>>> print(open('data.cif').read())   # mmCIF, C-alpha atoms
data_start
#
loop_
_atom_site.label_atom_id
_atom_site.label_comp_id
_atom_site.auth_asym_id
_atom_site.auth_seq_id
_atom_site.Cartn_x
_atom_site.Cartn_y
_atom_site.Cartn_z
CA ASP A 1428 -0.76 -95.90 -58.88
CA ALA A 1429 1.04 -99.22 -58.38
CA GLU A 1430 2.40 -101.16 -61.34
CA VAL A 1431 1.44 -104.83 -61.31
CA GLN A 1432 3.70 -107.43 -62.94
CA ILE A 1433 3.05 -111.05 -63.87
CA ILE A 1434 6.45 -112.65 -64.45
CA PHE A 1435 6.21 -115.73 -66.69
CA ASP A 1436 9.97 -116.13 -67.30
CA GLU A 1437 12.31 -113.54 -65.81
CA ARG A 1438 15.36 -114.94 -67.64
CA ILE A 1439 14.08 -113.95 -71.08
CA GLY A 1440 12.03 -110.94 -69.97
CA ASP A 1441 8.65 -112.65 -70.49
CA ILE A 1442 6.79 -110.19 -68.25
CA LEU A 1443 3.32 -108.67 -68.31
CA LYS A 1444 3.09 -105.18 -66.78
CA SER A 1445 -0.03 -103.13 -66.16
CA THR A 1446 -1.73 -100.44 -64.15
CA GLY A 1447 -5.38 -100.69 -63.18
CA ASN A 1448 -7.77 -100.80 -60.28
CA GLY A 1449 -9.56 -103.29 -58.09
CA ASN A 1450 -10.74 -104.19 -54.62
CA LEU A 1451 -8.32 -106.75 -53.18
CA GLN A 1452 -8.22 -108.36 -49.77
CA ILE A 1453 -4.84 -109.79 -48.79
CA ARG A 1454 -4.65 -112.11 -45.78
CA ILE A 1455 -1.64 -113.62 -44.05
CA ASP A 1456 -1.83 -115.94 -41.02
CA ARG A 1457 0.68 -116.63 -38.24
CA GLN A 1458 2.24 -119.41 -40.31
CA GLY A 1459 2.96 -117.00 -43.16
CA ASN A 1460 0.33 -118.39 -45.56
CA LEU A 1461 -0.72 -115.69 -48.02
CA ARG A 1462 -4.17 -115.52 -49.60
CA PHE A 1463 -5.67 -113.09 -52.10
CA PHE A 1464 -9.35 -112.37 -52.66
CA GLY A 1465 -10.93 -109.99 -55.16
CA ASP A 1466 -10.69 -108.73 -58.73
CA TYR A 1467 -8.20 -106.54 -60.56
CA THR A 1468 -9.10 -104.76 -63.81
CA ILE A 1469 -6.39 -103.60 -66.22
CA GLN A 1470 -6.52 -100.03 -67.50
CA GLN A 1471 -3.36 -100.13 -69.59
CA GLY A 1472 -0.30 -102.28 -69.88
CA GLU A 1473 2.19 -104.09 -72.07
CA TYR A 1474 3.42 -107.63 -72.55
CA LEU A 1475 6.78 -108.67 -74.02
CA PHE A 1476 5.85 -111.90 -75.79
CA SER A 1477 8.87 -114.21 -76.14
CA LEU A 1478 9.03 -117.55 -77.94
CA GLN A 1479 12.20 -119.70 -78.03
CA ASN A 1480 14.36 -116.56 -78.46
CA LEU A 1481 12.90 -116.32 -81.97
CA ILE A 1482 10.12 -113.84 -81.27
CA ASN A 1483 10.30 -110.86 -78.94
CA LYS A 1484 7.33 -108.63 -79.61
CA GLN A 1485 5.88 -105.86 -77.48
CA PHE A 1486 2.12 -106.31 -77.18
CA VAL A 1487 -0.21 -103.63 -75.82
CA ILE A 1488 -2.79 -104.96 -73.34
CA ASN A 1489 -6.38 -104.00 -74.05
CA GLN A 1490 -8.26 -102.13 -71.37
CA GLY A 1491 -10.66 -104.27 -69.35
CA GLY A 1492 -8.57 -107.40 -68.84
CA THR A 1493 -9.11 -109.03 -65.45
CA VAL A 1494 -7.28 -111.08 -62.82
CA GLU A 1495 -9.47 -112.77 -60.19
CA TRP A 1496 -8.33 -114.35 -56.94
CA GLN A 1497 -10.19 -116.78 -54.70
CA GLY A 1498 -7.42 -117.61 -52.23
CA ASP A 1499 -4.17 -119.04 -53.63
CA PRO A 1500 -2.18 -116.13 -55.15
CA TYR A 1501 -0.82 -118.46 -57.86
CA ASN A 1502 -4.25 -119.85 -58.76
CA ALA A 1503 -5.70 -116.64 -60.12
CA GLU A 1504 -8.01 -116.71 -63.13
CA ILE A 1505 -6.99 -114.34 -65.91
CA ASP A 1506 -8.84 -112.99 -68.93
CA ILE A 1507 -6.48 -110.75 -70.88
CA THR A 1508 -6.20 -109.70 -74.52
CA ALA A 1509 -3.07 -108.06 -75.88
CA VAL A 1510 -2.48 -106.78 -79.40
CA TYR A 1511 0.59 -106.38 -81.62
CA LYS A 1512 0.02 -103.90 -84.45
CA LEU A 1513 1.83 -104.00 -87.78
CA ARG A 1514 1.29 -103.31 -91.47
CA ALA A 1515 1.35 -106.05 -94.10
CA SER A 1516 0.34 -106.56 -97.73
CA LEU A 1517 -2.62 -108.80 -98.54
CA SER A 1518 -0.97 -109.91 -101.80
CA ASP A 1519 0.93 -112.67 -99.96
CA LEU A 1520 -2.34 -114.23 -98.85
CA LEU A 1521 -5.03 -113.53 -101.44
CA ASP A 1522 -5.01 -115.44 -104.71
CA PRO A 1523 -4.94 -112.95 -107.64
CA VAL A 1524 -7.60 -115.01 -109.47
CA THR A 1525 -10.11 -113.93 -106.81
CA SER A 1526 -9.61 -110.28 -107.70
CA THR A 1527 -11.08 -108.38 -110.63
CA GLY A 1528 -7.67 -108.21 -112.26
CA SER A 1529 -7.87 -104.42 -112.62
CA SER A 1530 -4.79 -102.35 -111.86
CA ALA A 1531 -6.68 -100.61 -109.05
CA GLU A 1532 -7.48 -103.97 -107.47
CA GLN A 1533 -3.90 -105.16 -107.78
CA ASN A 1534 -2.60 -101.93 -106.26
CA GLU A 1535 -5.03 -102.35 -103.41
CA LEU A 1536 -3.68 -105.85 -102.71
CA GLN A 1537 -0.09 -104.57 -102.72
CA ARG A 1538 -0.86 -101.77 -100.28
CA ARG A 1539 0.25 -102.47 -96.72
CA VAL A 1540 -2.78 -102.35 -94.40
CA GLN A 1541 -3.01 -102.23 -90.64
CA ILE A 1542 -3.10 -105.68 -89.02
CA HIS A 1543 -3.86 -106.43 -85.36
CA THR A 1544 -2.56 -109.77 -84.11
CA ASN A 1545 -4.39 -110.55 -80.89
CA LEU A 1546 -2.99 -112.70 -78.10
CA MET A 1547 -5.73 -113.92 -75.74
CA LEU A 1548 -4.81 -115.39 -72.36
CA SER A 1549 -7.51 -117.02 -70.23
CA GLY A 1550 -7.87 -119.54 -67.42
CA PRO A 1551 -5.34 -120.39 -64.68
CA LEU A 1552 -2.53 -117.89 -64.20
CA GLN A 1553 0.18 -120.59 -64.11
CA GLN A 1554 -1.04 -122.41 -67.24
CA PRO A 1555 -3.20 -120.04 -69.26
CA ASN A 1556 -5.03 -121.02 -72.41
CA ILE A 1557 -3.44 -119.15 -75.32
CA ARG A 1558 -5.39 -118.26 -78.44
CA PHE A 1559 -4.57 -115.98 -81.35
CA GLY A 1560 -6.73 -113.77 -83.52
CA ILE A 1561 -6.31 -111.44 -86.49
CA GLU A 1562 -8.20 -108.21 -87.13
CA MET A 1563 -7.93 -105.67 -89.98
CA PRO A 1564 -9.56 -102.49 -88.63
CA THR A 1565 -9.05 -100.37 -91.74
CA LEU A 1566 -10.65 -102.82 -94.21
CA ASP A 1567 -14.31 -102.83 -95.09
CA GLU A 1568 -16.34 -105.81 -93.85
CA SER A 1569 -16.47 -107.59 -97.22
CA ARG A 1570 -12.71 -107.44 -97.77
CA GLU A 1571 -11.98 -108.50 -94.18
CA ALA A 1572 -14.40 -111.43 -94.55
CA LEU A 1573 -12.60 -112.46 -97.77
CA VAL A 1574 -9.25 -112.44 -95.98
CA LEU A 1575 -10.57 -114.41 -93.01
CA ASP A 1576 -12.01 -117.02 -95.39
CA TYR A 1577 -8.40 -117.88 -96.24
CA ILE A 1578 -7.71 -118.41 -92.53
CA SER A 1579 -10.51 -120.84 -91.79
CA SER A 1580 -8.80 -123.29 -89.40
CA GLU A 1581 -6.99 -122.79 -86.10
CA GLU A 1582 -3.87 -124.39 -87.58
CA GLU A 1583 -3.86 -121.89 -90.45
CA LEU A 1584 -4.55 -119.02 -88.02
CA ASN A 1585 -1.53 -119.98 -85.88
CA ARG A 1586 0.62 -120.27 -89.01
CA GLN A 1587 -0.40 -116.80 -90.20
CA VAL A 1588 0.11 -115.20 -86.79
CA LEU A 1589 3.59 -116.75 -86.51
CA SER A 1590 4.47 -115.47 -89.98
CA LEU A 1591 3.23 -111.98 -89.13
CA LEU A 1592 5.21 -111.91 -85.89
CA VAL A 1593 8.46 -113.30 -87.34
CA LEU A 1594 8.46 -112.07 -90.95
CA ASN A 1595 6.04 -109.14 -90.77
CA ARG A 1596 4.01 -110.62 -93.63
CA PHE A 1597 1.30 -113.19 -94.30
CA TYR A 1598 2.31 -116.78 -95.03
CA THR A 1599 1.67 -117.56 -98.70
CA PRO A 1600 -0.57 -120.66 -99.15
CA GLU A 1601 1.01 -123.66 -100.83
CA HIS A 1602 -1.24 -123.52 -103.91
CA MET A 1603 -0.02 -119.97 -104.58
CA ARG A 1604 3.61 -120.91 -103.98
CA MET A 1605 3.39 -123.55 -106.72
CA ASN A 1606 2.52 -120.78 -109.18
CA ASP A 1607 5.28 -118.48 -107.95
CA GLN A 1608 8.68 -119.84 -108.98
CA SER A 1609 10.54 -117.20 -107.02
CA SER A 1610 8.87 -118.34 -103.81
CA GLN A 1611 10.08 -121.88 -104.41
CA ARG A 1612 13.68 -120.71 -104.19
CA GLY A 1613 13.03 -119.95 -100.52
CA GLU A 1614 13.86 -116.97 -98.39
CA ASN A 1615 16.61 -116.37 -95.89
CA ALA A 1616 14.61 -116.10 -92.64
CA ALA A 1617 17.46 -114.50 -90.73
CA LEU A 1618 17.82 -111.68 -93.27
CA VAL A 1619 14.06 -111.20 -93.47
CA THR A 1620 13.84 -110.94 -89.68
CA THR A 1621 16.74 -108.46 -89.66
CA THR A 1622 15.07 -106.24 -92.25
CA GLU A 1623 11.83 -106.44 -90.28
CA MET A 1624 13.68 -105.22 -87.16
CA LEU A 1625 15.23 -102.40 -89.21
CA SER A 1626 11.82 -101.50 -90.62
CA ALA A 1627 10.26 -101.42 -87.15
CA GLN A 1628 13.06 -99.24 -85.75
CA VAL A 1629 12.95 -96.72 -88.61
CA SER A 1630 9.15 -96.72 -88.39
CA ARG A 1631 9.38 -95.71 -84.73
CA TRP A 1632 11.79 -92.91 -85.59
CA MET A 1633 9.58 -91.66 -88.40
CA SER A 1634 6.45 -91.89 -86.26
CA SER A 1635 8.03 -89.63 -83.67
CA ILE A 1636 8.13 -86.97 -86.39
CA SER A 1637 4.82 -87.63 -88.11
CA ASN A 1638 2.07 -90.27 -88.23
CA ASP A 1639 1.94 -89.96 -92.04
CA PHE A 1640 4.89 -92.30 -92.64
CA ASP A 1641 4.65 -96.03 -93.29
CA PHE A 1642 8.15 -97.38 -93.92
CA GLY A 1643 8.74 -101.00 -94.97
CA VAL A 1644 11.72 -103.12 -96.01
CA ALA A 1645 11.38 -106.21 -98.22
CA TYR A 1646 14.04 -108.81 -99.04
CA ARG A 1647 14.11 -111.32 -101.87
CA PRO A 1648 17.22 -113.46 -102.57
CA GLY A 1649 19.01 -113.10 -105.89
CA ASP A 1650 19.30 -115.79 -108.57
CA ASN A 1651 20.92 -116.32 -111.96
CA ILE A 1652 18.50 -113.84 -113.55
CA THR A 1653 18.67 -110.92 -111.13
CA SER A 1654 20.79 -109.82 -108.19
#
>>> encode(input="data.cif", output="structure tokens")
Amino acid sequence: DAEVQIIFDERIGDILKSTGNGNLQIRIDRQGNLRFFGDYTIQQGEYLFSLQNLINKQFVINQGGTVEWQGDPYNAEIDITAVYKLRASLSDLLDPVTSTGSSAEQNELQRRVQIHTNLMLSGPLQQPNIRFGIEMPTLDESREALVLDYISSEEELNRQVLSLLVLNRFYTPEHMRMNDQSSQRGENAALVTTTEMLSAQVSRWMSSISNDFDFGVAYRPGDNITS
């Protein structure tokens, strides 16, 4: 019944919280030295991921994550995966020339689909290895494989995850930006982030009423042609 917390940075609220179970042995000697032995398995939890005050996202920790101790409480080994769920359009990532060009195909690309951005923490508790991953649970295998082909390197994966977390959309590859004059004019990141926060808040309100709603806000700066 106890709630376990791993506090990475208390000042900015970078805290992992969970409930779970395990068999732990805690020893303390006459000198006050504390030692932990045993394993702890997470049943459910959450992690507020913070990055340079730019990103503050609430991740849900997957069941089955572990923390293992062999003595030093601060030298635990962790193996934890947390997921942040959102909806995003594939049209920002997939080149239209790869599609059939039919209206049905184009509509499918514009549709916002469920995206899972995974945050995987492993290794030493004090300096964990951090890796990212992207999953699209509602897509068929062929379409998901096509999307992942566009994210073939770790550098590109990190870029896409950052874009999804900050802007709530995929990062458009440079070769597609060259063909999209409006993209070259740039976007106001602060306004995009604000609309994303608005979208997330309204989404939560709507979801409390019904799961049938998917509410999104998009921003594109005006120019001499359109406001």
>>> closest_residue(input="data.cif", among="A:Ser1516, A:Ser1580, A:Thr1468, A:Thr1508", to="Met1547 (chain A)", atoms="all atoms listed in the file")
A:Thr1508
>>> closest_residue(input="data.cif", among="A:Leu1589, A:Glu1495, A:Ser1477, A:Asp1567", to="Arg1438 (chain A)", atoms="only C-alpha atoms")
A:Ser1477
>>> atom_distance(input="data.cif", atom1="CA of Tyr1474 (chain A)", atom2="CA of Phe1486 (chain A)")
5.0 Å
>>> resolve_selection(input="data.cif", expression="the PyMOL selection byres ((chain A and resi 1447-1457) around 7)", output="list of chain:residue names")
A:Ser1445, A:Thr1446, A:Gln1458, A:Gly1459, A:Asn1460, A:Leu1461, A:Arg1462, A:Phe1463, A:Phe1464, A:Gly1465, A:Asp1466, A:Tyr1467, A:Thr1468, A:Ile1469, A:Gln1470, A:Gln1471
>>> axis_aligned_box(input="data.cif", around="region 1482-1491 of chain A", padding_each_side="4 Å", output="AutoDock Vina command-line options")
--center_x -0.2 --center_y -108.0 --center_z -75.3 --size_x 29.0 --size_y 19.7 --size_z 19.9
>>> atom_distance(input="data.cif", atom1="CA of Ala1515 (chain A)", atom2="CA of Gln1537 (chain A)")
8.9 Å
